[in-house]
Amino acid sequence: MRKLILILVISVIAILSLLISLKQNKVKQLKTIIPEFTLTTLIGDTIIFNKSNFPTKLILNFYSYDCTLCMAEISDIISFSRENSIPILFISADSLGTIISFTEELKSQGISDEDKISFARVSLQDVYGVFGSLAVPQSVLFEEGLKIKMVKKGILSRNDLLKSFE
């Protein structure tokens, strides 16, 4: 009887270990490849998010203007970008008008680093394909060539940024 219980316990542990390793492999695959997707710029042009259009280090942040957490993290992201010369691409599924109004609001606060900070509209379908959910805020931190350093769901802290770009 003891042998049977021992065999069952070992079998359960082996199955759980296998399931955990399969899930971790799936997460690693998701975190190493970002599919190309279409962005609409503030002037209405469309561009493809890929490594030829975004070859340098990059902070990609999915936000919504109505999201309090999103607004709370933006100043930390922008100040980190300024200090470390890492561009930011803020993407939102909000209307272009809302995104443009938000950029004007930032400009009135002295935030107009157009060479380092950009905004674009993205479809909900593309957001779901990239992040796996529509929750905001979400961020992906990239090394050159769109190599993923970190994927973060929830508020991106200054500490997260420091750890990723050390």
# chains A, B, ... in the order shown; residues from 1 in each chain; ligands from 1
>>> residues_around(residues="segment 89-101 of chain A", least_positions_apart="5", cutoff="6 Å", atoms="only C-alpha atoms", output="list in words")
Leu60, Asn61, Phe62, Tyr63, Ser64, Ser118, Phe119, Ala120, Arg121, Val122 and Ser123 of chain A
>>> select_by_dssp(residues="chain A", states="helix (DSSP H, G or I)", output="PyMOL selection string")
chain A and resi 2-30+68-84+96-108+124-131+144-146+158-164
>>> residues_around(residues="Ile155 of chain A", least_positions_apart="3", cutoff="8 Å", atoms="only C-alpha atoms", output="list in words")
Leu69, Cys70, Glu73, Pro137, Gln138 and Lys152 of chain A
>>> atom_distance(atom1="atom CA of Asn53 of chain A", atom2="atom CA of Pro35 of chain A")
13.5 Å
>>> closest_residue(among="A:Thr46, A:Thr38, A:Ser164, A:Gln109", to="Ile148 of chain A", atoms="only C-alpha atoms")
A:Ser164
>>> select_by_dssp(residues="chain A", states="strand (DSSP E)", output="PyMOL selection string")
chain A and resi 37-41+46-49+58-62+88-92+117-121+138-143+147-153
>>> write_last_selection(atoms="N, CA, C and O atoms", output="tab-separated table (two decimals), in the first residue's frame")
chain	number	residue	atom	x	y	z
A	37	PHE	N	2.25	44.57	-36.23
A	37	PHE	CA	0.89	45.10	-36.19
A	37	PHE	C	0.90	46.51	-36.74
A	37	PHE	O	1.96	47.14	-36.88
A	38	THR	N	-0.28	47.00	-37.08
A	38	THR	CA	-0.41	48.31	-37.72
A	38	THR	C	-0.71	49.38	-36.69
A	38	THR	O	-1.52	49.19	-35.79
A	39	LEU	N	-0.04	50.51	-36.86
A	39	LEU	CA	-0.27	51.68	-36.03
A	39	LEU	C	-0.77	52.82	-36.90
A	39	LEU	O	-0.35	52.94	-38.05
A	40	THR	N	-1.61	53.66	-36.34
A	40	THR	CA	-2.03	54.87	-37.03
A	40	THR	C	-1.40	56.05	-36.30
A	40	THR	O	-1.60	56.23	-35.09
A	41	THR	N	-0.61	56.83	-37.03
A	41	THR	CA	0.07	57.98	-36.43
A	41	THR	C	-0.93	59.11	-36.19
A	41	THR	O	-2.07	59.07	-36.65
A	46	THR	N	-0.36	55.21	-41.64
A	46	THR	CA	-0.22	53.91	-41.00
A	46	THR	C	1.22	53.43	-41.17
A	46	THR	O	1.85	53.65	-42.20
A	47	ILE	N	1.71	52.83	-40.12
A	47	ILE	CA	3.03	52.22	-40.16
A	47	ILE	C	2.94	50.84	-39.51
A	47	ILE	O	2.03	50.58	-38.72
A	48	ILE	N	3.89	50.00	-39.85
A	48	ILE	CA	3.94	48.66	-39.28
A	48	ILE	C	4.93	48.66	-38.12
A	48	ILE	O	6.03	49.20	-38.22
A	49	PHE	N	4.51	48.07	-37.01
A	49	PHE	CA	5.41	47.92	-35.87
A	49	PHE	C	6.29	46.70	-36.17
A	49	PHE	O	5.84	45.57	-36.12
A	58	LEU	N	13.55	50.54	-27.05
A	58	LEU	CA	12.22	51.16	-27.09
A	58	LEU	C	11.40	50.74	-25.88
A	58	LEU	O	11.48	49.60	-25.44
A	59	ILE	N	10.63	51.69	-25.39
A	59	ILE	CA	9.61	51.41	-24.38
A	59	ILE	C	8.27	51.50	-25.10
A	59	ILE	O	7.91	52.57	-25.60
A	60	LEU	N	7.56	50.40	-25.20
A	60	LEU	CA	6.23	50.36	-25.81
A	60	LEU	C	5.22	50.30	-24.68
A	60	LEU	O	5.27	49.39	-23.85
A	61	ASN	N	4.34	51.28	-24.63
A	61	ASN	CA	3.38	51.36	-23.53
A	61	ASN	C	1.97	51.46	-24.08
A	61	ASN	O	1.65	52.36	-24.86
A	62	PHE	N	1.11	50.50	-23.69
A	62	PHE	CA	-0.30	50.52	-24.07
A	62	PHE	C	-1.06	51.17	-22.92
A	62	PHE	O	-0.98	50.75	-21.78
A	88	ILE	N	10.13	56.29	-26.48
A	88	ILE	CA	8.88	55.70	-25.99
A	88	ILE	C	7.86	55.76	-27.12
A	88	ILE	O	7.73	56.78	-27.79
A	89	LEU	N	7.12	54.68	-27.26
A	89	LEU	CA	5.97	54.67	-28.15
A	89	LEU	C	4.76	54.35	-27.29
A	89	LEU	O	4.62	53.25	-26.77
A	90	PHE	N	3.92	55.38	-27.08
A	90	PHE	CA	2.67	55.20	-26.36
A	90	PHE	C	1.61	54.81	-27.38
A	90	PHE	O	1.40	55.54	-28.35
A	91	ILE	N	0.96	53.67	-27.16
A	91	ILE	CA	-0.11	53.26	-28.07
A	91	ILE	C	-1.41	53.16	-27.29
A	91	ILE	O	-1.42	52.82	-26.12
A	92	SER	N	-2.50	53.47	-27.99
A	92	SER	CA	-3.81	53.47	-27.35
A	92	SER	C	-4.86	53.07	-28.37
A	92	SER	O	-4.70	53.32	-29.56
A	117	ILE	N	9.49	60.78	-27.88
A	117	ILE	CA	8.17	60.35	-27.42
A	117	ILE	C	7.20	60.40	-28.59
A	117	ILE	O	7.02	61.45	-29.20
A	118	SER	N	6.60	59.26	-28.89
A	118	SER	CA	5.61	59.26	-29.97
A	118	SER	C	4.34	58.55	-29.51
A	118	SER	O	4.35	57.75	-28.57
A	119	PHE	N	3.27	58.88	-30.19
A	119	PHE	CA	1.96	58.34	-29.89
A	119	PHE	C	1.34	57.77	-31.15
A	119	PHE	O	1.57	58.31	-32.24
A	120	ALA	N	0.57	56.71	-31.00
A	120	ALA	CA	-0.12	56.13	-32.14
A	120	ALA	C	-1.37	55.41	-31.66
A	120	ALA	O	-1.49	55.05	-30.49
A	121	ARG	N	-2.27	55.22	-32.59
A	121	ARG	CA	-3.50	54.47	-32.32
A	121	ARG	C	-3.31	53.04	-32.80
A	121	ARG	O	-2.64	52.79	-33.80
A	138	GLN	N	-0.07	48.31	-19.95
A	138	GLN	CA	0.83	47.20	-20.25
A	138	GLN	C	2.02	47.78	-21.00
A	138	GLN	O	1.87	48.71	-21.77
A	139	SER	N	3.18	47.19	-20.78
A	139	SER	CA	4.39	47.69	-21.44
A	139	SER	C	5.27	46.54	-21.88
A	139	SER	O	5.28	45.48	-21.26
A	140	VAL	N	6.02	46.81	-22.94
A	140	VAL	CA	7.07	45.90	-23.38
A	140	VAL	C	8.33	46.74	-23.54
A	140	VAL	O	8.29	47.79	-24.18
A	141	LEU	N	9.41	46.29	-22.95
A	141	LEU	CA	10.69	46.99	-23.04
A	141	LEU	C	11.57	46.20	-24.00
A	141	LEU	O	11.74	45.00	-23.85
A	142	PHE	N	12.13	46.90	-25.00
A	142	PHE	CA	12.90	46.25	-26.05
A	142	PHE	C	14.35	46.72	-26.06
A	142	PHE	O	14.63	47.90	-25.88
A	143	GLU	N	15.25	45.79	-26.35
A	143	GLU	CA	16.62	46.10	-26.73
A	143	GLU	C	16.60	46.40	-28.22
A	143	GLU	O	15.55	46.28	-28.87
A	147	LYS	N	14.30	43.09	-29.48
A	147	LYS	CA	14.51	41.94	-28.60
A	147	LYS	C	13.91	42.29	-27.25
A	147	LYS	O	14.29	43.29	-26.63
A	148	ILE	N	12.99	41.48	-26.80
A	148	ILE	CA	12.24	41.79	-25.58
A	148	ILE	C	13.10	41.64	-24.33
A	148	ILE	O	13.74	40.62	-24.12
A	149	LYS	N	13.11	42.70	-23.52
A	149	LYS	CA	13.78	42.69	-22.22
A	149	LYS	C	12.78	42.37	-21.10
A	149	LYS	O	13.12	41.70	-20.15
A	150	MET	N	11.56	42.91	-21.24
A	150	MET	CA	10.57	42.73	-20.18
A	150	MET	C	9.17	42.97	-20.72
A	150	MET	O	8.98	43.84	-21.57
A	151	VAL	N	8.22	42.20	-20.22
A	151	VAL	CA	6.81	42.44	-20.49
A	151	VAL	C	6.17	42.69	-19.13
A	151	VAL	O	6.37	41.93	-18.19
A	152	LYS	N	5.45	43.79	-19.02
A	152	LYS	CA	4.87	44.17	-17.73
A	152	LYS	C	3.40	44.51	-17.90
A	152	LYS	O	3.04	45.39	-18.66
A	153	LYS	N	2.56	43.80	-17.19
A	153	LYS	CA	1.14	44.13	-17.12
A	153	LYS	C	0.93	44.87	-15.80
A	153	LYS	O	1.39	44.42	-14.77
>>> atom_distance(atom1="atom CA of Leu156 of chain A", atom2="atom CA of Cys67 of chain A")
13.7 Å
